[in-house]
Amino acid sequence: MTASALDGIDDIDWASLGHAYGSAADVPQTLRDAVGQDEELAGEATEHLFGSIYHQGTLYSATPWAVPFVARLAADPGTRRREGLVFLLGSIAATGDADPHVLADVRTALARETRRLLPLLDDPDVEIRHVATYLLGNLPPESAAEVVPALRARRGRERSPRVLAGLLAAAGRLDPPNTAAWLAAELEPGRPAAVRAGALWAIADAALPWSGAAAEAVVDCWLNGEPLKNWVWSDDTFGDIVSRIDTASFAELCHALFERGTAEAARAVIQTTYERCVRSRSARAESAPLLAAGIDHPDFSVRVAAATAIQDVPAAAPAAADALAAYVADPPPAAVEDVNSNEARLFGSGLEILIALGDPRWREPLTTALTAGRIAPDVLGLLIDTGVTCDPDLLTAVRRRLAALPQEQPEQSGGYDALLARNRWHNEGNALTRMLRHWGPDAADAVPELIPLIPYDQWWTVQALAAIGPAAAAAVPALTRVRDDPEASWPRRLQCAEALAAVTGDIGHVSACVAEAAAGGRPVAAARTALRHGLPLDGLLPALRDIAVTAGGDDASAIGVRIEAAWLLLDAGETHAPLRAAADALDSGRHVADAAKLAGLIGPAAADLVPRLRDLLDDRHHFADAALAIRRVTGEAAPLVDAVRRRLARVGAGKWLVESLRELGADAAPLLPELRELAHGDAAIQGTGVYGRQARRDDEERRQLLAVLAELGN
């Protein structure tokens, strides 16, 4: 690094600027450390830059001021570790997540550095040239006049296929109309596969016309697997390309690759087809035959990918049922010997698909595997979710497996494998006892297996005994011992008291334990239990008031207890102490969502909290909770209408949307056109669900939305 690269950096008032962690006063030293001689310190500094001035794609007021210095360092051949700095600039250039004025300042700063950065295309280091294409291609549009000619010029000298692909991606991103012909020419069969793949990606990214030659090029390029790996522009080049093309072209090329390509190509087809199903409701029925065909593919990883997709796309399940039933009836040894193997994954997926279909061919394989400890807890959870009733064979298998599990968790040492074993032990025991709780009195024969677990407070043991009821009478002595054990926690003791009441029919077990818990300094836990059983709170109210009005500073746990006490008081009809607790939580910035909800439930009596709630309307995390509270306190609709629009775009639908629309009632009218499109259109609700449950989550949220629209008369 030449000394001039950071000239003037100390003349900036960095302390007045901010980044993700607060004051940006540390930026000058962080930049010096990032290019210094100490490798460990440099790594930490570079990581801090990515986490501060560019934090998970968000930019801050310090970012535009840092851009010129990062650019000087990146452009200086004497700077150490320049590749990371070039990528940081590219990441900053590619994001649009910032306040409008910050984003405008960042783009202005980047545009000013265009000429300084262009020589990176001719750098001797191929990785710097590679990452430079990403940076230059994401510069502001006004830089295109300088950058695109430089990209074309470099095309004639570049020999790295990855860099060539990056040049095309950059040109297509900056100037689609004037580079369309160039990109089309790069699809010629004589070009390297990686270069053709880059051109295809650029055409799709820029939404340029999709030709028959482009479809043929996709098949050619991916027939033998992924042609463009470790490419800075995309982690999934194939998926990005085919996600942007029309349905007919997509189906044609996917079938061609699935039938003629390698296993890697077939796996990419299944994965991309599933991702299309996540985004498009109509794609689920259209793609069902291809996903079902994946179950019969000779490559095992393709079969696993197909089964994973079918779990979330029920339209494909009937056609795959016979193949999956045959597999789970006679699984290979690896499905038994290694619970983390592909064979075991396919076994579990097959059972889940058959259970969801209501196909009884899951029963015998599941009971056999359950007894042997080869069932993933998710499968048992699905039995509960689908309402599978208790039968003697299934109950016997659950009892045998529960008896075989250690009562105490495995040792807390042994590395990652030991951690996985502990997690599996916990999750399996949790699922088994939850299953027994779900079955209630029908699971009475399992009481002998549950009793030994009571002292260890594991899983759903005590709740299962409570659900079984009088038939669990044999558990009374063990439950009593824990309820009366001064060394046991109050939540455990209260839980055992509730179970005793359910088993014996004597509510006195609960009332006595509630009184003891209150005397023992746990009035919140005592009141929570009392409310569940309709017991009066009169004797607990003074202690709850003391907790709700006693300031706890910024201690998050203390504030959380205050909010919970306030909630209980509100249930008892009091508002003064709950108002104090909500106000202090809002002021502290801790448990803000709970405090806003509490204010909303208090209603008009919380009018003094409205200014604090209005301040939260600009908070990216709490604006929706604040808007709902304002509606409940003041009756205003506009903040909540705006919040619904904003949150829908970010996180999709869900229970929060149903709650907000019901609160708005007739005032939801401005939202109805977009909500109807969300409910009746082909595009899935964005941002919903975890991987593997996104399509099903869309279906669930769509049903909820349709129901609330019907309530609103639409």
# chains A, B, ... in the order shown; residues from 1 in each chain; ligands from 1

$ select_by_dssp --residues "segment 361-467 of chain A" --states "alpha helix (DSSP H)" --output "PyMOL selection string"
chain A and resi 363-371+377-385+392-404+415-439+447-450+461-467

$ residues_around --residues "Phe87 of chain A" --least-positions-apart "6" --cutoff "9 Å" --atoms "only C-alpha atoms" --output "ChimeraX atom specification"
/A:128,131-132,134-135,232

$ write_last_selection --atoms "N, CA, C and O atoms" --output "PDB file, in the first residue's frame"
ATOM      1  N   ILE A 128      -8.593 -11.234  -8.754  1.00  0.00           N
ATOM      2  CA  ILE A 128      -8.965  -9.822  -8.682  1.00  0.00           C
ATOM      3  C   ILE A 128      -9.728  -9.422  -9.939  1.00  0.00           C
ATOM      4  O   ILE A 128     -10.740  -8.709  -9.870  1.00  0.00           O
ATOM      5  N   VAL A 131     -13.325 -10.827  -9.501  1.00  0.00           N
ATOM      6  CA  VAL A 131     -14.175 -10.073  -8.588  1.00  0.00           C
ATOM      7  C   VAL A 131     -14.420  -8.662  -9.109  1.00  0.00           C
ATOM      8  O   VAL A 131     -15.479  -8.071  -8.866  1.00  0.00           O
ATOM      9  N   ALA A 132     -13.465  -8.120  -9.856  1.00  0.00           N
ATOM     10  CA  ALA A 132     -13.629  -6.773 -10.418  1.00  0.00           C
ATOM     11  C   ALA A 132     -14.804  -6.705 -11.384  1.00  0.00           C
ATOM     12  O   ALA A 132     -15.454  -5.664 -11.504  1.00  0.00           O
ATOM     13  N   TYR A 134     -17.612  -8.104 -11.001  1.00  0.00           N
ATOM     14  CA  TYR A 134     -18.794  -7.935 -10.150  1.00  0.00           C
ATOM     15  C   TYR A 134     -18.901  -6.492  -9.667  1.00  0.00           C
ATOM     16  O   TYR A 134     -19.981  -5.896  -9.659  1.00  0.00           O
ATOM     17  N   LEU A 135     -17.771  -5.931  -9.254  1.00  0.00           N
ATOM     18  CA  LEU A 135     -17.756  -4.544  -8.809  1.00  0.00           C
ATOM     19  C   LEU A 135     -18.148  -3.598  -9.942  1.00  0.00           C
ATOM     20  O   LEU A 135     -19.057  -2.777  -9.803  1.00  0.00           O
ATOM     21  N   VAL A 232     -18.431 -15.434  -8.942  1.00  0.00           N
ATOM     22  CA  VAL A 232     -18.807 -14.379  -8.019  1.00  0.00           C
ATOM     23  C   VAL A 232     -20.212 -13.850  -8.261  1.00  0.00           C
ATOM     24  O   VAL A 232     -20.880 -13.358  -7.348  1.00  0.00           O
TER      25      VAL A 232
END

$ atom_distance --atom1 "atom CA of Pro406 of chain A" --atom2 "atom CA of Thr461 of chain A"
13.9 Å

$ residues_around --residues "Gly692 of chain A" --least-positions-apart "3" --cutoff "10 Å" --atoms "only C-alpha atoms" --output "tab-separated table (two decimals) with all heavy atoms, in the first residue's frame"
chain	number	residue	atom	x	y	z
A	274	TYR	N	-38.24	-27.60	-8.09
A	274	TYR	CA	-38.84	-27.37	-6.78
A	274	TYR	C	-38.88	-25.88	-6.45
A	274	TYR	O	-39.89	-25.36	-5.96
A	274	TYR	CB	-38.06	-28.12	-5.70
A	274	TYR	CG	-38.44	-27.68	-4.30
A	274	TYR	CD1	-39.75	-27.82	-3.85
A	274	TYR	CD2	-37.51	-27.10	-3.45
A	274	TYR	CE1	-40.12	-27.39	-2.58
A	274	TYR	CE2	-37.86	-26.68	-2.18
A	274	TYR	CZ	-39.16	-26.82	-1.76
A	274	TYR	OH	-39.53	-26.39	-0.52
A	275	GLU	N	-37.79	-25.17	-6.72
A	275	GLU	CA	-37.76	-23.73	-6.42
A	275	GLU	C	-38.82	-22.99	-7.23
A	275	GLU	O	-39.41	-22.01	-6.75
A	275	GLU	CB	-36.37	-23.17	-6.69
A	275	GLU	CG	-35.35	-23.66	-5.67
A	275	GLU	CD	-33.93	-23.32	-6.03
A	275	GLU	OE1	-33.72	-22.73	-7.12
A	275	GLU	OE2	-33.02	-23.64	-5.24
A	278	VAL	N	-42.02	-23.38	-5.44
A	278	VAL	CA	-42.09	-22.51	-4.27
A	278	VAL	C	-42.61	-21.13	-4.67
A	278	VAL	O	-43.38	-20.51	-3.95
A	278	VAL	CB	-40.71	-22.39	-3.60
A	278	VAL	CG1	-40.68	-21.25	-2.59
A	278	VAL	CG2	-40.33	-23.71	-2.93
A	308	THR	N	-37.36	-34.93	-1.21
A	308	THR	CA	-37.39	-33.69	-0.42
A	308	THR	C	-38.35	-32.69	-1.04
A	308	THR	O	-39.11	-32.02	-0.33
A	308	THR	CB	-35.98	-33.09	-0.33
A	308	THR	OG1	-35.09	-34.06	0.25
A	308	THR	CG2	-35.97	-31.84	0.52
A	309	ALA	N	-38.33	-32.57	-2.35
A	309	ALA	CA	-39.24	-31.65	-3.04
A	309	ALA	C	-40.69	-32.10	-2.91
A	309	ALA	O	-41.59	-31.29	-2.64
A	309	ALA	CB	-38.86	-31.54	-4.51
A	310	ILE	N	-40.93	-33.40	-3.06
A	310	ILE	CA	-42.30	-33.92	-3.02
A	310	ILE	C	-42.92	-33.73	-1.64
A	310	ILE	O	-44.13	-33.54	-1.52
A	310	ILE	CB	-42.32	-35.40	-3.45
A	310	ILE	CG1	-41.94	-35.51	-4.94
A	310	ILE	CG2	-43.69	-36.03	-3.22
A	310	ILE	CD1	-41.68	-36.93	-5.40
A	311	GLN	N	-42.10	-33.77	-0.58
A	311	GLN	CA	-42.63	-33.50	0.76
A	311	GLN	C	-43.33	-32.15	0.82
A	311	GLN	O	-44.29	-31.97	1.58
A	311	GLN	CB	-41.49	-33.52	1.79
A	311	GLN	CG	-41.03	-34.92	2.16
A	311	GLN	CD	-39.88	-34.87	3.14
A	311	GLN	OE1	-38.72	-34.93	2.78
A	311	GLN	NE2	-40.21	-34.72	4.42
A	312	ASP	N	-42.86	-31.20	0.02
A	312	ASP	CA	-43.44	-29.86	0.05
A	312	ASP	C	-44.40	-29.61	-1.11
A	312	ASP	O	-45.07	-28.57	-1.13
A	312	ASP	CB	-42.31	-28.82	-0.01
A	312	ASP	CG	-42.75	-27.45	0.48
A	312	ASP	OD1	-43.68	-27.39	1.30
A	312	ASP	OD2	-42.16	-26.45	0.05
A	313	VAL	N	-44.48	-30.53	-2.06
A	313	VAL	CA	-45.34	-30.37	-3.23
A	313	VAL	C	-46.26	-31.58	-3.31
A	313	VAL	O	-45.99	-32.54	-4.04
A	313	VAL	CB	-44.51	-30.22	-4.53
A	313	VAL	CG1	-45.41	-29.93	-5.73
A	313	VAL	CG2	-43.48	-29.11	-4.39
A	689	GLY	N	-42.04	-19.42	5.26
A	689	GLY	CA	-41.60	-20.79	5.50
A	689	GLY	C	-40.10	-20.99	5.47
A	689	GLY	O	-39.34	-20.21	4.92
A	695	ALA	N	-43.75	-24.23	0.06
A	695	ALA	CA	-44.99	-24.36	-0.71
A	695	ALA	C	-46.17	-24.67	0.21
A	695	ALA	O	-47.26	-24.10	0.06
A	695	ALA	CB	-44.84	-25.45	-1.77
A	696	ARG	N	-45.96	-25.57	1.17
A	696	ARG	CA	-47.04	-25.88	2.11
A	696	ARG	C	-47.39	-24.67	2.97
A	696	ARG	O	-48.57	-24.42	3.25
A	696	ARG	CB	-46.61	-27.05	3.02
A	696	ARG	CG	-46.70	-28.41	2.35
A	696	ARG	CD	-46.28	-29.51	3.29
A	696	ARG	NE	-44.84	-29.50	3.50
A	696	ARG	CZ	-44.22	-30.23	4.43
A	696	ARG	NH1	-44.91	-30.99	5.25
A	696	ARG	NH2	-42.91	-30.20	4.55
A	697	ARG	N	-46.37	-23.89	3.34
A	697	ARG	CA	-46.63	-22.68	4.12
A	697	ARG	C	-47.43	-21.68	3.29
A	697	ARG	O	-48.35	-21.02	3.81
A	697	ARG	CB	-45.31	-22.07	4.58
A	697	ARG	CG	-45.44	-20.80	5.41
A	697	ARG	CD	-46.07	-21.08	6.76
A	697	ARG	NE	-46.16	-19.86	7.53
A	697	ARG	CZ	-45.21	-19.39	8.33
A	697	ARG	NH1	-44.08	-20.07	8.46
A	697	ARG	NH2	-45.37	-18.28	9.01

$ residues_around --residues "segment 420-430 of chain A" --least-positions-apart "5" --cutoff "9 Å" --atoms "only C-alpha atoms" --output "PDB file with all heavy atoms, in the first residue's frame"
ATOM      1  N   GLY A 373     -35.024 -47.370  16.747  1.00  0.00           N
ATOM      2  CA  GLY A 373     -34.427 -46.044  16.885  1.00  0.00           C
ATOM      3  C   GLY A 373     -33.991 -45.435  15.584  1.00  0.00           C
ATOM      4  O   GLY A 373     -33.015 -44.670  15.541  1.00  0.00           O
ATOM      5  N   ILE A 375     -36.088 -43.579  13.454  1.00  0.00           N
ATOM      6  CA  ILE A 375     -37.089 -42.642  12.961  1.00  0.00           C
ATOM      7  C   ILE A 375     -36.687 -41.218  13.337  1.00  0.00           C
ATOM      8  O   ILE A 375     -36.387 -40.924  14.495  1.00  0.00           O
ATOM      9  CB  ILE A 375     -38.481 -42.958  13.549  1.00  0.00           C
ATOM     10  CG1 ILE A 375     -38.991 -44.260  12.960  1.00  0.00           C
ATOM     11  CG2 ILE A 375     -39.476 -41.845  13.256  1.00  0.00           C
ATOM     12  CD1 ILE A 375     -39.210 -44.209  11.460  1.00  0.00           C
ATOM     13  N   ALA A 376     -36.689 -40.339  12.357  1.00  0.00           N
ATOM     14  CA  ALA A 376     -36.406 -38.929  12.623  1.00  0.00           C
ATOM     15  C   ALA A 376     -37.594 -38.321  13.379  1.00  0.00           C
ATOM     16  O   ALA A 376     -38.746 -38.633  13.096  1.00  0.00           O
ATOM     17  CB  ALA A 376     -36.181 -38.184  11.310  1.00  0.00           C
ATOM     18  N   PRO A 377     -37.316 -37.439  14.349  1.00  0.00           N
ATOM     19  CA  PRO A 377     -38.408 -36.836  15.122  1.00  0.00           C
ATOM     20  C   PRO A 377     -39.437 -36.110  14.252  1.00  0.00           C
ATOM     21  O   PRO A 377     -40.620 -36.048  14.615  1.00  0.00           O
ATOM     22  CB  PRO A 377     -37.668 -35.852  16.041  1.00  0.00           C
ATOM     23  CG  PRO A 377     -36.302 -36.444  16.201  1.00  0.00           C
ATOM     24  CD  PRO A 377     -35.996 -37.077  14.875  1.00  0.00           C
ATOM     25  N   ASP A 378     -39.024 -35.584  13.116  1.00  0.00           N
ATOM     26  CA  ASP A 378     -39.975 -34.887  12.245  1.00  0.00           C
ATOM     27  C   ASP A 378     -41.100 -35.810  11.789  1.00  0.00           C
ATOM     28  O   ASP A 378     -42.234 -35.361  11.578  1.00  0.00           O
ATOM     29  CB  ASP A 378     -39.259 -34.318  11.018  1.00  0.00           C
ATOM     30  CG  ASP A 378     -38.408 -33.111  11.364  1.00  0.00           C
ATOM     31  OD1 ASP A 378     -38.548 -32.595  12.487  1.00  0.00           O
ATOM     32  OD2 ASP A 378     -37.617 -32.689  10.510  1.00  0.00           O
ATOM     33  N   LEU A 380     -42.419 -38.272  13.514  1.00  0.00           N
ATOM     34  CA  LEU A 380     -43.371 -38.381  14.618  1.00  0.00           C
ATOM     35  C   LEU A 380     -44.198 -37.108  14.742  1.00  0.00           C
ATOM     36  O   LEU A 380     -45.395 -37.156  15.033  1.00  0.00           O
ATOM     37  CB  LEU A 380     -42.625 -38.656  15.921  1.00  0.00           C
ATOM     38  CG  LEU A 380     -41.821 -39.964  15.960  1.00  0.00           C
ATOM     39  CD1 LEU A 380     -41.094 -40.095  17.285  1.00  0.00           C
ATOM     40  CD2 LEU A 380     -42.729 -41.165  15.731  1.00  0.00           C
ATOM     41  N   ARG A 401     -39.468 -47.767  22.377  1.00  0.00           N
ATOM     42  CA  ARG A 401     -38.410 -46.806  22.066  1.00  0.00           C
ATOM     43  C   ARG A 401     -38.179 -45.858  23.236  1.00  0.00           C
ATOM     44  O   ARG A 401     -37.044 -45.522  23.567  1.00  0.00           O
ATOM     45  CB  ARG A 401     -38.768 -46.007  20.806  1.00  0.00           C
ATOM     46  CG  ARG A 401     -37.665 -45.062  20.363  1.00  0.00           C
ATOM     47  CD  ARG A 401     -36.370 -45.804  20.131  1.00  0.00           C
ATOM     48  NE  ARG A 401     -35.230 -44.903  20.015  1.00  0.00           N
ATOM     49  CZ  ARG A 401     -33.974 -45.260  20.212  1.00  0.00           C
ATOM     50  NH1 ARG A 401     -33.671 -46.508  20.560  1.00  0.00           N
ATOM     51  NH2 ARG A 401     -33.007 -44.391  20.073  1.00  0.00           N
ATOM     52  N   LEU A 402     -39.251 -45.426  23.885  1.00  0.00           N
ATOM     53  CA  LEU A 402     -39.108 -44.525  25.020  1.00  0.00           C
ATOM     54  C   LEU A 402     -38.358 -45.213  26.161  1.00  0.00           C
ATOM     55  O   LEU A 402     -37.502 -44.610  26.817  1.00  0.00           O
ATOM     56  CB  LEU A 402     -40.491 -44.067  25.491  1.00  0.00           C
ATOM     57  CG  LEU A 402     -40.541 -42.890  26.477  1.00  0.00           C
ATOM     58  CD1 LEU A 402     -39.870 -41.661  25.883  1.00  0.00           C
ATOM     59  CD2 LEU A 402     -41.978 -42.583  26.848  1.00  0.00           C
ATOM     60  N   LEU A 405     -34.558 -45.193  25.547  1.00  0.00           N
ATOM     61  CA  LEU A 405     -33.811 -43.933  25.591  1.00  0.00           C
ATOM     62  C   LEU A 405     -33.218 -43.713  26.979  1.00  0.00           C
ATOM     63  O   LEU A 405     -33.871 -43.972  27.989  1.00  0.00           O
ATOM     64  CB  LEU A 405     -34.727 -42.757  25.257  1.00  0.00           C
ATOM     65  CG  LEU A 405     -35.065 -42.507  23.797  1.00  0.00           C
ATOM     66  CD1 LEU A 405     -35.994 -41.304  23.684  1.00  0.00           C
ATOM     67  CD2 LEU A 405     -33.815 -42.270  22.969  1.00  0.00           C
ATOM     68  N   PRO A 406     -31.991 -43.200  27.059  1.00  0.00           N
ATOM     69  CA  PRO A 406     -31.438 -42.847  28.371  1.00  0.00           C
ATOM     70  C   PRO A 406     -32.304 -41.778  29.034  1.00  0.00           C
ATOM     71  O   PRO A 406     -32.826 -40.886  28.370  1.00  0.00           O
ATOM     72  CB  PRO A 406     -30.044 -42.294  28.036  1.00  0.00           C
ATOM     73  CG  PRO A 406     -29.738 -42.817  26.667  1.00  0.00           C
ATOM     74  CD  PRO A 406     -31.059 -42.943  25.963  1.00  0.00           C
ATOM     75  N   GLN A 409     -29.547 -36.809  29.659  1.00  0.00           N
ATOM     76  CA  GLN A 409     -28.915 -36.544  28.377  1.00  0.00           C
ATOM     77  C   GLN A 409     -27.463 -37.002  28.365  1.00  0.00           C
ATOM     78  O   GLN A 409     -26.810 -37.046  29.411  1.00  0.00           O
ATOM     79  CB  GLN A 409     -29.016 -35.068  28.030  1.00  0.00           C
ATOM     80  CG  GLN A 409     -28.054 -34.143  28.717  1.00  0.00           C
ATOM     81  CD  GLN A 409     -28.141 -32.745  28.112  1.00  0.00           C
ATOM     82  OE1 GLN A 409     -29.018 -32.427  27.337  1.00  0.00           O
ATOM     83  NE2 GLN A 409     -27.207 -31.907  28.477  1.00  0.00           N
ATOM     84  N   PRO A 410     -26.942 -37.355  27.187  1.00  0.00           N
ATOM     85  CA  PRO A 410     -25.554 -37.825  27.078  1.00  0.00           C
ATOM     86  C   PRO A 410     -24.558 -36.776  27.564  1.00  0.00           C
ATOM     87  O   PRO A 410     -24.895 -35.611  27.766  1.00  0.00           O
ATOM     88  CB  PRO A 410     -25.404 -38.086  25.568  1.00  0.00           C
ATOM     89  CG  PRO A 410     -26.797 -38.285  25.068  1.00  0.00           C
ATOM     90  CD  PRO A 410     -27.660 -37.410  25.917  1.00  0.00           C
ATOM     91  N   GLU A 411     -23.331 -37.196  27.714  1.00  0.00           N
ATOM     92  CA  GLU A 411     -22.271 -36.320  28.219  1.00  0.00           C
ATOM     93  C   GLU A 411     -22.169 -35.048  27.392  1.00  0.00           C
ATOM     94  O   GLU A 411     -22.400 -35.037  26.186  1.00  0.00           O
ATOM     95  CB  GLU A 411     -20.923 -37.058  28.193  1.00  0.00           C
ATOM     96  CG  GLU A 411     -20.821 -38.201  29.184  1.00  0.00           C
ATOM     97  CD  GLU A 411     -20.844 -37.716  30.628  1.00  0.00           C
ATOM     98  OE1 GLU A 411     -20.327 -36.608  30.885  1.00  0.00           O
ATOM     99  OE2 GLU A 411     -21.397 -38.431  31.482  1.00  0.00           O
ATOM    100  N   GLN A 412     -21.755 -33.943  28.054  1.00  0.00           N
ATOM    101  CA  GLN A 412     -21.671 -32.645  27.396  1.00  0.00           C
ATOM    102  C   GLN A 412     -20.330 -32.420  26.699  1.00  0.00           C
ATOM    103  O   GLN A 412     -19.934 -31.292  26.466  1.00  0.00           O
ATOM    104  CB  GLN A 412     -21.870 -31.536  28.447  1.00  0.00           C
ATOM    105  CG  GLN A 412     -23.245 -31.507  29.058  1.00  0.00           C
ATOM    106  CD  GLN A 412     -24.308 -31.009  28.094  1.00  0.00           C
ATOM    107  OE1 GLN A 412     -24.010 -30.282  27.167  1.00  0.00           O
ATOM    108  NE2 GLN A 412     -25.537 -31.430  28.308  1.00  0.00           N
ATOM    109  N   GLY A 415     -17.213 -33.143  21.131  1.00  0.00           N
ATOM    110  CA  GLY A 415     -17.187 -32.511  19.825  1.00  0.00           C
ATOM    111  C   GLY A 415     -18.537 -32.480  19.129  1.00  0.00           C
ATOM    112  O   GLY A 415     -19.594 -32.693  19.733  1.00  0.00           O
ATOM    113  N   MET A 435     -46.128 -37.188  21.480  1.00  0.00           N
ATOM    114  CA  MET A 435     -47.067 -38.105  20.847  1.00  0.00           C
ATOM    115  C   MET A 435     -48.022 -38.689  21.897  1.00  0.00           C
ATOM    116  O   MET A 435     -49.246 -38.746  21.695  1.00  0.00           O
ATOM    117  CB  MET A 435     -46.296 -39.237  20.166  1.00  0.00           C
ATOM    118  CG  MET A 435     -47.167 -40.320  19.586  1.00  0.00           C
ATOM    119  SD  MET A 435     -47.854 -39.863  18.001  1.00  0.00           S
ATOM    120  CE  MET A 435     -46.395 -39.971  16.994  1.00  0.00           C
ATOM    121  N   GLN A 458     -38.040 -34.259  31.770  1.00  0.00           N
ATOM    122  CA  GLN A 458     -37.717 -34.343  30.358  1.00  0.00           C
ATOM    123  C   GLN A 458     -38.944 -34.172  29.480  1.00  0.00           C
ATOM    124  O   GLN A 458     -40.000 -34.741  29.743  1.00  0.00           O
ATOM    125  CB  GLN A 458     -37.059 -35.700  30.030  1.00  0.00           C
ATOM    126  CG  GLN A 458     -35.726 -35.927  30.722  1.00  0.00           C
ATOM    127  CD  GLN A 458     -34.690 -34.890  30.358  1.00  0.00           C
ATOM    128  OE1 GLN A 458     -34.846 -34.193  29.374  1.00  0.00           O
ATOM    129  NE2 GLN A 458     -33.658 -34.782  31.158  1.00  0.00           N
ATOM    130  N   TRP A 459     -38.779 -33.401  28.451  1.00  0.00           N
ATOM    131  CA  TRP A 459     -39.711 -33.388  27.333  1.00  0.00           C
ATOM    132  C   TRP A 459     -41.150 -33.061  27.754  1.00  0.00           C
ATOM    133  O   TRP A 459     -41.379 -32.159  28.541  1.00  0.00           O
ATOM    134  CB  TRP A 459     -39.602 -34.723  26.592  1.00  0.00           C
ATOM    135  CG  TRP A 459     -38.195 -35.139  26.317  1.00  0.00           C
ATOM    136  CD1 TRP A 459     -37.237 -34.401  25.699  1.00  0.00           C
ATOM    137  CD2 TRP A 459     -37.578 -36.387  26.664  1.00  0.00           C
ATOM    138  NE1 TRP A 459     -36.054 -35.105  25.623  1.00  0.00           N
ATOM    139  CE2 TRP A 459     -36.236 -36.337  26.203  1.00  0.00           C
ATOM    140  CE3 TRP A 459     -38.010 -37.556  27.296  1.00  0.00           C
ATOM    141  CZ2 TRP A 459     -35.344 -37.390  26.360  1.00  0.00           C
ATOM    142  CZ3 TRP A 459     -37.124 -38.605  27.443  1.00  0.00           C
ATOM    143  CH2 TRP A 459     -35.810 -38.515  26.994  1.00  0.00           C
ATOM    144  N   TRP A 460     -42.131 -33.822  27.215  1.00  0.00           N
ATOM    145  CA  TRP A 460     -43.545 -33.586  27.509  1.00  0.00           C
ATOM    146  C   TRP A 460     -44.083 -34.613  28.510  1.00  0.00           C
ATOM    147  O   TRP A 460     -45.278 -34.884  28.568  1.00  0.00           O
ATOM    148  CB  TRP A 460     -44.367 -33.690  26.213  1.00  0.00           C
ATOM    149  CG  TRP A 460     -44.064 -32.639  25.211  1.00  0.00           C
ATOM    150  CD1 TRP A 460     -43.005 -32.580  24.373  1.00  0.00           C
ATOM    151  CD2 TRP A 460     -44.845 -31.471  24.934  1.00  0.00           C
ATOM    152  NE1 TRP A 460     -43.050 -31.458  23.588  1.00  0.00           N
ATOM    153  CE2 TRP A 460     -44.179 -30.764  23.904  1.00  0.00           C
ATOM    154  CE3 TRP A 460     -46.036 -30.964  25.444  1.00  0.00           C
ATOM    155  CZ2 TRP A 460     -44.671 -29.567  23.388  1.00  0.00           C
ATOM    156  CZ3 TRP A 460     -46.531 -29.778  24.929  1.00  0.00           C
ATOM    157  CH2 TRP A 460     -45.844 -29.088  23.922  1.00  0.00           C
ATOM    158  N   THR A 461     -43.209 -35.137  29.328  1.00  0.00           N
ATOM    159  CA  THR A 461     -43.577 -36.245  30.207  1.00  0.00           C
ATOM    160  C   THR A 461     -44.758 -35.907  31.111  1.00  0.00           C
ATOM    161  O   THR A 461     -45.777 -36.628  31.150  1.00  0.00           O
ATOM    162  CB  THR A 461     -42.368 -36.650  31.073  1.00  0.00           C
ATOM    163  OG1 THR A 461     -41.295 -37.019  30.211  1.00  0.00           O
ATOM    164  CG2 THR A 461     -42.719 -37.811  31.982  1.00  0.00           C
TER     165      THR A 461
END

$ residues_around --residues "segment 474-477 of chain A" --least-positions-apart "5" --cutoff "10 Å" --atoms "only C-alpha atoms" --output "ChimeraX atom specification"
/A:447-448,450-452,454,462,465-466,482-483,496-497,499-501,503-504

$ residues_around --residues "segment 663-676 of chain A" --least-positions-apart "6" --cutoff "9 Å" --atoms "only C-alpha atoms" --output "PDB file with C-alpha atoms, in the first residue's frame"
ATOM      1  CA  LEU A 628     -51.289  -2.251  15.488  1.00  0.00           C
ATOM      2  CA  ARG A 631     -54.871   1.389  15.979  1.00  0.00           C
ATOM      3  CA  ARG A 632     -56.073  -0.220  19.195  1.00  0.00           C
ATOM      4  CA  GLY A 635     -58.594   3.958  16.309  1.00  0.00           C
ATOM      5  CA  ALA A 637     -56.145   3.173  10.450  1.00  0.00           C
ATOM      6  CA  ALA A 638     -53.475   4.817   8.269  1.00  0.00           C
ATOM      7  CA  LEU A 640     -51.574   0.074  10.241  1.00  0.00           C
ATOM      8  CA  VAL A 641     -52.546   0.095   6.547  1.00  0.00           C
ATOM      9  CA  VAL A 644     -49.305  -4.080   6.467  1.00  0.00           C
ATOM     10  CA  ARG A 645     -48.038  -3.064   3.016  1.00  0.00           C
ATOM     11  CA  LEU A 705     -55.956 -14.996   3.908  1.00  0.00           C
ATOM     12  CA  LEU A 706     -58.981 -16.287   2.011  1.00  0.00           C
ATOM     13  CA  LEU A 709     -61.096 -11.837   3.192  1.00  0.00           C
ATOM     14  CA  GLU A 711     -64.945 -12.248   6.853  1.00  0.00           C
ATOM     15  CA  LEU A 712     -64.376  -8.802   5.356  1.00  0.00           C
ATOM     16  CA  ASN A 714     -64.466 -10.150  -0.198  1.00  0.00           C
TER      17      ASN A 714
END

$ residues_around --residues "Trp656 of chain A" --least-positions-apart "3" --cutoff "12 Å" --atoms "only C-alpha atoms" --output "list in words"
Lys597, Ala624, Asp625, Ala627, Leu628, Leu640, Ala643, Val644, Arg647, Leu648, Val651, Gly652, Ala653, Glu659, Ser660, Leu661, Arg662, Glu663, Glu701, Gln704, Leu705 and Val708 of chain A
